[in-house]
$ cat my_file-v8.cif   # mmCIF, C-alpha atoms and all ligand atoms
data_entry
loop_
_atom_site.label_atom_id
_atom_site.label_comp_id
_atom_site.auth_asym_id
_atom_site.auth_seq_id
_atom_site.Cartn_x
_atom_site.Cartn_y
_atom_site.Cartn_z
CA MET A 1 0.00 0.00 0.00
CA PRO A 2 1.38 3.44 -0.88
CA LYS A 3 1.49 6.02 1.91
CA ILE A 4 0.11 9.18 0.36
CA LEU A 5 0.23 12.88 1.23
CA VAL A 6 -2.17 15.23 -0.55
CA ILE A 7 -0.98 18.84 -0.33
CA GLY A 8 -3.79 21.32 -1.01
CA ALA A 9 -6.41 18.79 0.09
CA CYS A 10 -9.01 21.44 0.96
CA GLY A 11 -9.22 22.76 -2.60
CA GLN A 12 -11.58 21.89 -5.45
CA ILE A 13 -9.65 18.94 -6.90
CA GLY A 14 -7.63 18.10 -3.76
CA SER A 15 -10.74 17.45 -1.68
CA GLU A 16 -12.30 14.94 -4.09
CA LEU A 17 -8.96 13.35 -4.87
CA THR A 18 -8.39 12.79 -1.15
CA SER A 19 -11.69 10.99 -0.70
CA LYS A 20 -11.11 8.82 -3.79
CA LEU A 21 -7.58 7.92 -2.63
CA ARG A 22 -8.91 7.08 0.85
CA GLU A 23 -11.53 4.79 -0.68
CA THR A 24 -8.87 3.06 -2.79
CA HIS A 25 -5.91 2.84 -0.40
CA GLY A 26 -7.59 2.99 3.02
CA LYS A 27 -8.23 6.00 5.20
CA ASN A 28 -5.04 5.65 7.24
CA ASN A 29 -2.81 5.53 4.18
CA VAL A 30 -3.86 8.95 2.88
CA ILE A 31 -2.84 12.05 4.83
CA ALA A 32 -4.69 15.23 3.85
CA SER A 33 -2.92 18.56 4.30
CA ASP A 34 -3.46 22.22 3.59
CA ILE A 35 -2.41 25.62 4.84
CA ASN A 36 -5.66 26.08 6.77
CA TYR A 37 -8.77 24.19 7.95
CA ASN A 38 -10.96 25.61 5.17
CA ASN A 39 -12.77 22.40 4.25
CA LEU A 40 -14.20 20.67 7.31
CA ASP A 41 -15.36 17.63 5.33
CA VAL A 42 -11.72 16.94 4.49
CA VAL A 43 -10.36 17.91 7.91
CA ASN A 44 -12.80 15.63 9.74
CA SER A 45 -12.69 12.63 7.44
CA GLY A 46 -9.23 11.27 8.30
CA VAL A 47 -5.73 12.30 9.30
CA PHE A 48 -5.21 15.99 8.54
CA GLU A 49 -2.04 18.08 8.92
CA ILE A 50 -1.36 21.77 8.46
CA VAL A 51 1.41 21.94 5.85
CA ASP A 52 2.79 25.06 4.19
CA ALA A 53 3.68 23.94 0.67
CA GLN A 54 6.10 26.86 0.34
CA ASP A 55 8.13 25.74 3.34
CA TYR A 56 10.46 22.81 2.64
CA ALA A 57 10.78 21.95 6.34
CA SER A 58 7.01 21.90 6.85
CA VAL A 59 6.55 19.41 3.97
CA LYS A 60 9.54 17.28 5.03
CA ILE A 61 8.43 17.01 8.66
CA CYS A 62 5.04 15.71 7.54
CA VAL A 63 6.64 13.28 5.07
CA GLU A 64 8.90 11.84 7.77
CA LYS A 65 6.23 11.77 10.46
CA HIS A 66 3.88 9.68 8.30
CA GLN A 67 6.52 7.81 6.26
CA ILE A 68 5.02 9.14 3.05
CA ASP A 69 6.13 7.69 -0.28
CA THR A 70 3.82 9.49 -2.72
CA ILE A 71 2.84 13.18 -2.85
CA TYR A 72 -0.03 14.69 -4.81
CA LEU A 73 0.81 18.41 -4.93
CA MET A 74 -2.55 20.10 -5.51
CA ALA A 75 -1.79 23.51 -3.98
CA ALA A 76 -1.53 26.30 -6.57
CA MET A 77 -2.61 29.82 -7.38
CA LEU A 78 -4.82 29.70 -10.50
CA SER A 79 -4.95 31.91 -13.57
CA ALA A 80 -7.21 34.80 -12.56
CA THR A 81 -5.80 35.29 -9.04
CA GLY A 82 -2.29 34.85 -10.45
CA GLU A 83 -2.78 37.91 -12.65
CA LYS A 84 -3.57 39.96 -9.53
CA TYR A 85 -0.62 38.63 -7.54
CA PRO A 86 2.07 37.64 -10.07
CA MET A 87 4.97 37.21 -7.64
CA LYS A 88 2.87 35.32 -5.11
CA ALA A 89 1.70 32.99 -7.87
CA TRP A 90 5.26 32.43 -9.04
CA ASP A 91 6.52 31.78 -5.50
CA LEU A 92 3.74 29.41 -4.48
CA ASN A 93 3.57 27.44 -7.73
CA MET A 94 7.32 27.08 -8.19
CA ASN A 95 8.59 26.72 -4.60
CA SER A 96 6.05 24.03 -3.75
CA LEU A 97 7.01 22.05 -6.86
CA PHE A 98 10.74 22.28 -6.15
CA HIS A 99 10.24 21.15 -2.55
CA VAL A 100 8.37 18.04 -3.62
CA LEU A 101 10.71 17.23 -6.53
CA ASN A 102 13.71 17.65 -4.23
CA LEU A 103 12.20 15.36 -1.60
CA ALA A 104 11.91 12.75 -4.36
CA LYS A 105 15.43 13.42 -5.63
CA GLU A 106 16.82 13.06 -2.10
CA GLY A 107 15.02 9.73 -1.67
CA PHE A 108 12.47 10.77 1.00
CA ILE A 109 9.54 9.93 -1.32
CA LYS A 110 9.18 7.67 -4.38
CA SER A 111 6.64 9.36 -6.62
CA VAL A 112 4.94 12.65 -7.33
CA PHE A 113 1.74 13.79 -9.00
CA TRP A 114 1.72 17.42 -10.07
CA PRO A 115 -1.10 19.02 -12.04
CA SER A 116 -0.37 21.15 -15.08
CA SER A 117 -3.08 22.93 -17.07
CA ILE A 118 -4.31 23.99 -20.50
CA ALA A 119 -2.90 27.36 -19.36
CA VAL A 120 0.52 26.22 -20.63
CA PHE A 121 -0.78 27.10 -24.10
CA GLY A 122 -1.00 30.63 -25.46
CA PRO A 123 -2.35 32.72 -28.33
CA THR A 124 0.19 31.28 -30.80
CA THR A 125 -0.86 27.66 -30.06
CA PRO A 126 -3.23 26.00 -32.57
CA LYS A 127 -6.65 26.36 -30.91
CA ASP A 128 -8.53 23.37 -32.26
CA ASN A 129 -7.57 19.89 -31.17
CA THR A 130 -4.35 21.30 -29.68
CA PRO A 131 -1.61 18.67 -30.07
CA GLN A 132 0.50 17.29 -27.23
CA TYR A 133 3.63 18.81 -28.77
CA THR A 134 3.10 22.29 -30.15
CA VAL A 135 3.94 25.97 -29.74
CA MET A 136 3.59 27.01 -26.09
CA GLU A 137 3.79 30.72 -25.31
CA PRO A 138 1.57 31.21 -22.23
CA THR A 139 0.62 34.81 -21.44
CA THR A 140 -0.52 34.34 -17.82
CA VAL A 141 1.74 34.03 -14.79
CA TYR A 142 -0.09 30.82 -13.91
CA GLY A 143 0.52 29.44 -17.41
CA ILE A 144 4.20 30.38 -17.20
CA THR A 145 4.56 28.55 -13.86
CA LYS A 146 2.88 25.48 -15.30
CA GLN A 147 5.00 25.47 -18.45
CA VAL A 148 8.23 25.94 -16.50
CA GLY A 149 7.07 23.34 -13.98
CA GLU A 150 6.56 20.83 -16.77
CA ARG A 151 10.14 21.38 -17.94
CA TRP A 152 11.41 20.81 -14.40
CA CYS A 153 9.35 17.63 -14.01
CA GLU A 154 10.84 16.22 -17.18
CA TYR A 155 14.31 17.32 -16.05
CA TYR A 156 14.01 15.66 -12.63
CA ASN A 157 12.80 12.50 -14.31
CA SER A 158 15.55 12.30 -16.89
CA LYS A 159 18.45 13.52 -14.70
CA TYR A 160 17.53 12.09 -11.31
CA GLY A 161 15.06 9.31 -12.16
CA VAL A 162 12.23 10.95 -10.20
CA ASP A 163 8.89 9.22 -10.89
CA VAL A 164 6.86 12.36 -11.52
CA ARG A 165 3.60 12.24 -13.47
CA SER A 166 1.36 15.05 -14.63
CA ILE A 167 -1.82 15.98 -16.46
CA ARG A 168 -2.73 19.23 -18.19
CA TYR A 169 -6.17 19.65 -16.62
CA PRO A 170 -8.84 21.53 -18.53
CA GLY A 171 -11.50 23.48 -16.55
CA ILE A 172 -12.91 21.13 -13.91
CA ILE A 173 -16.61 21.12 -13.04
CA SER A 174 -17.78 19.81 -9.69
CA TRP A 175 -20.52 20.33 -7.12
CA LYS A 176 -18.83 19.46 -3.81
CA THR A 177 -16.12 22.13 -3.41
CA LEU A 178 -16.03 25.47 -5.24
CA PRO A 179 -13.04 26.33 -7.41
CA GLY A 180 -11.17 29.52 -6.58
CA GLY A 181 -9.43 32.06 -8.77
CA GLY A 182 -9.63 30.35 -12.15
CA THR A 183 -10.84 31.51 -15.56
CA THR A 184 -12.96 28.39 -16.08
CA ASP A 185 -14.76 28.92 -12.71
CA TYR A 186 -17.80 30.35 -14.52
CA ALA A 187 -18.75 26.82 -15.57
CA VAL A 188 -19.25 25.88 -11.90
CA GLU A 189 -20.76 29.17 -10.70
CA ILE A 190 -23.39 29.04 -13.44
CA TYR A 191 -24.92 25.85 -11.98
CA HIS A 192 -25.06 27.30 -8.46
CA LYS A 193 -26.65 30.54 -9.68
CA ALA A 194 -29.10 28.68 -11.93
CA ILE A 195 -30.46 26.99 -8.82
CA THR A 196 -30.21 29.79 -6.24
CA ASP A 197 -31.01 32.89 -8.39
CA LYS A 198 -32.32 31.58 -11.75
CA ASN A 199 -29.99 34.18 -13.17
CA TYR A 200 -26.27 34.38 -13.93
CA GLU A 201 -24.02 37.18 -15.15
CA CYS A 202 -21.17 35.48 -16.99
CA PHE A 203 -17.68 37.01 -16.96
CA LEU A 204 -16.85 35.44 -20.35
CA SER A 205 -18.60 36.19 -23.64
CA GLU A 206 -21.20 33.78 -24.97
CA ASN A 207 -19.07 32.15 -27.69
CA THR A 208 -15.88 31.58 -25.69
CA GLU A 209 -15.13 27.89 -26.19
CA LEU A 210 -12.86 26.15 -23.67
CA PRO A 211 -11.90 22.55 -22.86
CA MET A 212 -13.69 21.27 -19.73
CA MET A 213 -14.19 18.07 -17.75
CA PHE A 214 -16.45 16.74 -15.00
CA MET A 215 -14.65 16.11 -11.70
CA ASP A 216 -15.26 12.34 -11.66
CA ASP A 217 -13.43 12.03 -14.96
CA ALA A 218 -10.55 14.22 -13.72
CA ILE A 219 -10.14 12.08 -10.61
CA GLU A 220 -10.38 8.87 -12.61
CA ALA A 221 -7.67 10.14 -14.98
CA THR A 222 -5.40 11.09 -12.09
CA VAL A 223 -5.76 7.72 -10.39
CA LYS A 224 -5.28 5.88 -13.69
CA LEU A 225 -2.13 7.78 -14.53
CA MET A 226 -0.65 7.12 -11.08
CA GLN A 227 -1.52 3.41 -11.25
CA ALA A 228 -0.06 2.87 -14.73
CA PRO A 229 3.19 0.89 -14.94
CA ALA A 230 6.18 3.25 -15.17
CA GLU A 231 7.20 1.83 -18.55
CA ASN A 232 3.89 3.01 -20.06
CA ILE A 233 4.53 6.63 -19.11
CA SER A 234 6.19 8.05 -22.20
CA ILE A 235 5.57 11.69 -21.24
CA ARG A 236 7.21 13.10 -18.12
CA SER A 237 6.36 16.75 -18.75
CA SER A 238 2.54 16.57 -18.71
CA TYR A 239 -0.21 14.78 -20.64
CA ASN A 240 -2.89 16.57 -22.64
CA LEU A 241 -6.28 15.50 -21.29
CA ALA A 242 -9.71 16.19 -22.77
CA ALA A 243 -13.37 15.40 -22.35
CA ILE A 244 -15.79 18.09 -23.55
CA SER A 245 -15.50 21.59 -24.99
CA PHE A 246 -18.26 24.16 -24.74
CA THR A 247 -19.13 27.85 -24.63
CA PRO A 248 -21.14 29.74 -21.97
CA LYS A 249 -24.03 29.72 -24.43
CA ASP A 250 -23.86 25.91 -24.76
CA ILE A 251 -23.86 25.34 -20.99
CA TYR A 252 -26.71 27.84 -20.57
CA SER A 253 -28.81 25.89 -23.12
CA ALA A 254 -28.01 22.59 -21.38
CA ILE A 255 -29.08 24.00 -17.98
CA LYS A 256 -32.21 25.61 -19.42
CA LYS A 257 -33.50 22.17 -20.38
CA HIS A 258 -33.68 21.42 -16.63
CA ILE A 259 -34.50 24.94 -15.38
CA PRO A 260 -36.61 26.61 -18.10
CA ASP A 261 -36.82 30.04 -16.41
CA PHE A 262 -33.01 30.36 -16.03
CA GLU A 263 -31.62 33.55 -17.58
CA ILE A 264 -28.06 34.56 -18.48
CA SER A 265 -26.34 37.87 -19.29
CA TYR A 266 -22.74 38.47 -20.40
CA ASN A 267 -20.34 40.99 -18.93
CA PRO A 268 -16.78 39.95 -19.92
CA ASP A 269 -13.99 41.15 -17.62
CA PHE A 270 -10.18 40.68 -17.54
CA ARG A 271 -10.65 36.90 -17.61
CA GLN A 272 -11.89 37.12 -21.21
CA GLN A 273 -8.38 37.87 -22.42
CA ILE A 274 -7.04 34.85 -20.54
CA ALA A 275 -9.74 32.59 -21.99
CA ASP A 276 -9.07 33.93 -25.49
CA SER A 277 -5.42 32.88 -25.19
CA TRP A 278 -6.29 29.23 -24.42
CA PRO A 279 -7.22 26.33 -26.72
CA LYS A 280 -10.80 25.48 -27.65
CA SER A 281 -10.25 21.74 -27.71
CA ILE A 282 -7.43 19.33 -26.90
CA ASP A 283 -5.97 16.26 -28.58
CA ASP A 284 -5.34 13.78 -25.78
CA SER A 285 -4.52 10.71 -27.89
CA GLU A 286 -1.21 10.15 -26.03
CA ALA A 287 -3.03 9.72 -22.70
CA ARG A 288 -5.57 7.43 -24.35
CA LYS A 289 -2.77 5.35 -25.87
CA ASP A 290 -0.34 5.22 -22.90
CA TRP A 291 -2.72 4.58 -20.01
CA ASN A 292 -6.10 3.89 -21.59
CA TRP A 293 -7.68 7.17 -20.65
CA ASN A 294 -11.33 7.54 -21.61
CA HIS A 295 -13.83 10.13 -20.37
CA THR A 296 -17.36 9.12 -19.40
CA PHE A 297 -19.21 12.42 -18.81
CA ASP A 298 -20.62 14.42 -21.71
CA MET A 299 -22.43 17.74 -21.33
CA GLU A 300 -25.88 16.15 -20.75
CA LYS A 301 -24.72 13.65 -18.16
CA MET A 302 -22.64 16.26 -16.34
CA THR A 303 -25.49 18.78 -16.32
CA SER A 304 -28.05 16.38 -14.88
CA GLU A 305 -25.59 15.25 -12.19
CA MET A 306 -24.67 18.85 -11.28
CA ILE A 307 -28.31 19.94 -11.06
CA THR A 308 -29.47 16.88 -9.11
CA GLN A 309 -26.67 17.19 -6.57
CA LEU A 310 -26.87 20.98 -6.17
CA GLN A 311 -30.65 20.90 -5.81
CA LYS A 312 -30.20 18.50 -2.86
CA LYS A 313 -27.46 20.72 -1.41
CA TYR A 314 -29.57 23.89 -1.52
CA GLN A 315 -32.80 22.25 -0.28
C1 LIG A 401 -8.00 28.10 -14.36
O1 LIG A 401 -9.02 28.49 -14.95
O2 LIG A 401 -7.07 28.84 -14.02
C2 LIG A 401 -7.87 26.62 -14.09
C3 LIG A 401 -7.14 25.91 -15.18
C4 LIG A 401 -7.72 25.77 -16.52
O3 LIG A 401 -6.05 25.45 -14.95
N1 LIG A 401 -9.16 26.04 -13.92
#
$ encode --input "my_file-v8.cif" --output "structure tokens"
Amino acid sequence: MPKILVIGACGQIGSELTSKLRETHGKNNVIASDINYNNLDVVNSGVFEIVDAQDYASVKICVEKHQIDTIYLMAAMLSATGEKYPMKAWDLNMNSLFHVLNLAKEGFIKSVFWPSSIAVFGPTTPKDNTPQYTVMEPTTVYGITKQVGERWCEYYNSKYGVDVRSIRYPGIISWKTLPGGGTTDYAVEIYHKAITDKNYECFLSENTELPMMFMDDAIEATVKLMQAPAENISIRSSYNLAAISFTPKDIYSAIKKHIPDFEISYNPDFRQQIADSWPKSIDDSEARKDWNWNHTFDMEKMTSEMITQLQKKYQ
């Protein structure tokens, strides 16, 4: 059984990843950690430690205390917040990655999962069916940290034999924990507002198409990648990953089928420019080939699950 530490376990992906890993590997083999107690479901559902991902000693103490061999580093500052605090985004996203990679290099842990993002791509990248290997000129601080991080992951793998694995997540849609500070967050907010207010003002324009994925698929992909035999992992920077692509107008129409009196308006802000620099759709054939990745949620299935679950939550 691996002994796992999830850093950033209170966040949108970290929280659901923690519960999936606990189901799979046993509650006592998965230590959740974050910089605060922001998600009580996570804090109260197993062993929880306060860990500052930016502080090497804080991470190392936790690793040694629990004899951790695998770290999932889910702490990061996302694209929209990163534009407000560029240096903080750089420091958090890069320092945390170096700490974890160095713990692996020094032999304290055996393997690392680190999420990259579609934000590694930029305006000069082909937008449709974006290939695994292509032009990458990110224009956000977040995207720069993810692109540089990918290079370091590949470097630590080839120079020091570190077993680091990564996925370029698209926008992730979930109902349990809210995302924070991303450009794709509208696709979660819209479901909440459809139920609570029957009205949503979208910060992206109606025809802005972006790659997206339902949380269950994102978690499944992460677990699959980490369980794959090392010899199948041909990419040590980060894998393209895709499921569905849609615009605000598309998601509005899908929700309206369930909530006919739902209304939307559009008021694009600074996040529009970020969205415009990203791909519309992603070619993830390498992930499908190397570790049998396959998504299961399309727009319809995701929308009925989101609405069913959120209606229960707000009852
Ligand atoms: C963001 O919008 O910043 C993130 C991402 C696509 O990585 N959700």
$ closest_residue --input "my_file-v8.cif" --among "A:Asp250, A:Glu137, A:Glu64, A:Asp34" --to "A:Ile50" --atoms "all atoms listed in the file"
A:Asp34
$ closest_residue --input "my_file-v8.cif" --among "A:Gly161, A:Pro86, A:Gly181, A:Gly122" --to "ligand LIG 401 (chain A)" --atoms "only C-alpha atoms and all ligand atoms"
A:Gly181
$ residues_around --input "my_file-v8.cif" --residues "A:Ser281" --least-positions-apart "4" --cutoff "7 Å" --atoms "only C-alpha atoms" --output "PyMOL selection string"
chain A and resi 127-130+210-211+245
$ residues_near_point --input "my_file-v8.cif" --point "(2.6, 34.1, -10.0)" --cutoff "10 Å" --atoms "all atoms listed in the file" --output "list in words"
Ala76, Met77, Leu78, Ser79, Thr81, Gly82, Glu83, Lys84, Tyr85, Pro86, Met87, Lys88, Ala89, Trp90, Asp91, Leu92, Asn93, Met94, Thr140, Val141, Tyr142, Gly143, Ile144 and Thr145 of chain A
$ closest_residue --input "my_file-v8.cif" --among "A:Glu49, A:Glu154, A:Glu263, A:Asp276" --to "ligand LIG 401 (chain A)" --atoms "all atoms listed in the file"
A:Asp276
$ closest_residue --input "my_file-v8.cif" --among "A:Thr208, A:Asn28, A:Ser166, A:Thr247" --to "A:Lys224" --atoms "all atoms listed in the file"
A:Ser166
$ residues_near_ligand --input "my_file-v8.cif" --ligand "ligand LIG 401 (chain A)" --cutoff "7 Å" --atoms "only C-alpha atoms and all ligand atoms" --output "list of chain:residue names"
A:Leu78, A:Ser79, A:Ala80, A:Ser117, A:Ile118, A:Ala119, A:Tyr169, A:Pro170, A:Gly171, A:Ile172, A:Gly181, A:Gly182, A:Thr183, A:Thr184, A:Asp185
$ build_atoms --input "my_file-v8.cif" --residues "stretch 107-130 of chain A" --atoms "N, CA and C atoms" --output "short mmCIF file (atom, residue, chain, number, x, y, z; two decimals), keeping the file's coordinate frame"
data_model
loop_
_atom_site.label_atom_id
_atom_site.label_comp_id
_atom_site.auth_asym_id
_atom_site.auth_seq_id
_atom_site.Cartn_x
_atom_site.Cartn_y
_atom_site.Cartn_z
N GLY A 107 15.39 11.08 -2.09
CA GLY A 107 15.02 9.73 -1.67
C GLY A 107 14.03 9.66 -0.51
N PHE A 108 13.46 10.80 -0.10
CA PHE A 108 12.47 10.77 1.00
C PHE A 108 11.12 10.21 0.52
N ILE A 109 10.79 10.49 -0.75
CA ILE A 109 9.54 9.93 -1.32
C ILE A 109 9.87 9.26 -2.65
N LYS A 110 8.90 8.42 -3.14
CA LYS A 110 9.18 7.67 -4.38
C LYS A 110 8.52 8.30 -5.60
N SER A 111 7.29 8.83 -5.42
CA SER A 111 6.64 9.36 -6.62
C SER A 111 5.82 10.60 -6.33
N VAL A 112 5.58 11.33 -7.42
CA VAL A 112 4.94 12.65 -7.33
C VAL A 112 3.87 12.77 -8.41
N PHE A 113 2.69 13.32 -8.00
CA PHE A 113 1.74 13.79 -9.00
C PHE A 113 1.68 15.30 -8.88
N TRP A 114 1.78 15.95 -10.04
CA TRP A 114 1.72 17.42 -10.07
C TRP A 114 0.83 17.84 -11.23
N PRO A 115 -0.21 18.63 -10.96
CA PRO A 115 -1.10 19.02 -12.04
C PRO A 115 -0.57 20.19 -12.87
N SER A 116 -0.58 20.01 -14.19
CA SER A 116 -0.37 21.15 -15.08
C SER A 116 -1.75 21.57 -15.59
N SER A 117 -1.81 22.32 -16.66
CA SER A 117 -3.08 22.93 -17.07
C SER A 117 -3.03 23.29 -18.55
N ILE A 118 -4.22 23.46 -19.13
CA ILE A 118 -4.31 23.99 -20.50
C ILE A 118 -3.73 25.40 -20.57
N ALA A 119 -3.49 26.01 -19.40
CA ALA A 119 -2.90 27.36 -19.36
C ALA A 119 -1.47 27.39 -19.86
N VAL A 120 -0.85 26.22 -20.07
CA VAL A 120 0.52 26.22 -20.63
C VAL A 120 0.50 26.70 -22.08
N PHE A 121 -0.68 26.67 -22.70
CA PHE A 121 -0.78 27.10 -24.10
C PHE A 121 -1.06 28.60 -24.16
N GLY A 122 -0.81 29.19 -25.32
CA GLY A 122 -1.00 30.63 -25.46
C GLY A 122 -1.61 30.98 -26.80
N PRO A 123 -1.66 32.27 -27.11
CA PRO A 123 -2.35 32.72 -28.33
C PRO A 123 -1.73 32.18 -29.61
N THR A 124 -0.44 31.77 -29.57
CA THR A 124 0.19 31.28 -30.80
C THR A 124 0.03 29.76 -30.96
N THR A 125 -0.61 29.12 -30.00
CA THR A 125 -0.86 27.66 -30.06
C THR A 125 -2.06 27.41 -30.98
N PRO A 126 -2.02 26.34 -31.80
CA PRO A 126 -3.23 26.00 -32.57
C PRO A 126 -4.40 25.74 -31.62
N LYS A 127 -5.55 26.36 -31.89
CA LYS A 127 -6.65 26.36 -30.91
C LYS A 127 -7.52 25.11 -30.96
N ASP A 128 -7.63 24.51 -32.15
CA ASP A 128 -8.53 23.37 -32.26
C ASP A 128 -7.75 22.08 -32.20
N ASN A 129 -8.23 21.18 -31.32
CA ASN A 129 -7.57 19.89 -31.17
C ASN A 129 -6.07 20.08 -30.92
N THR A 130 -5.75 20.94 -30.00
CA THR A 130 -4.35 21.30 -29.68
C THR A 130 -3.51 20.06 -29.44
#
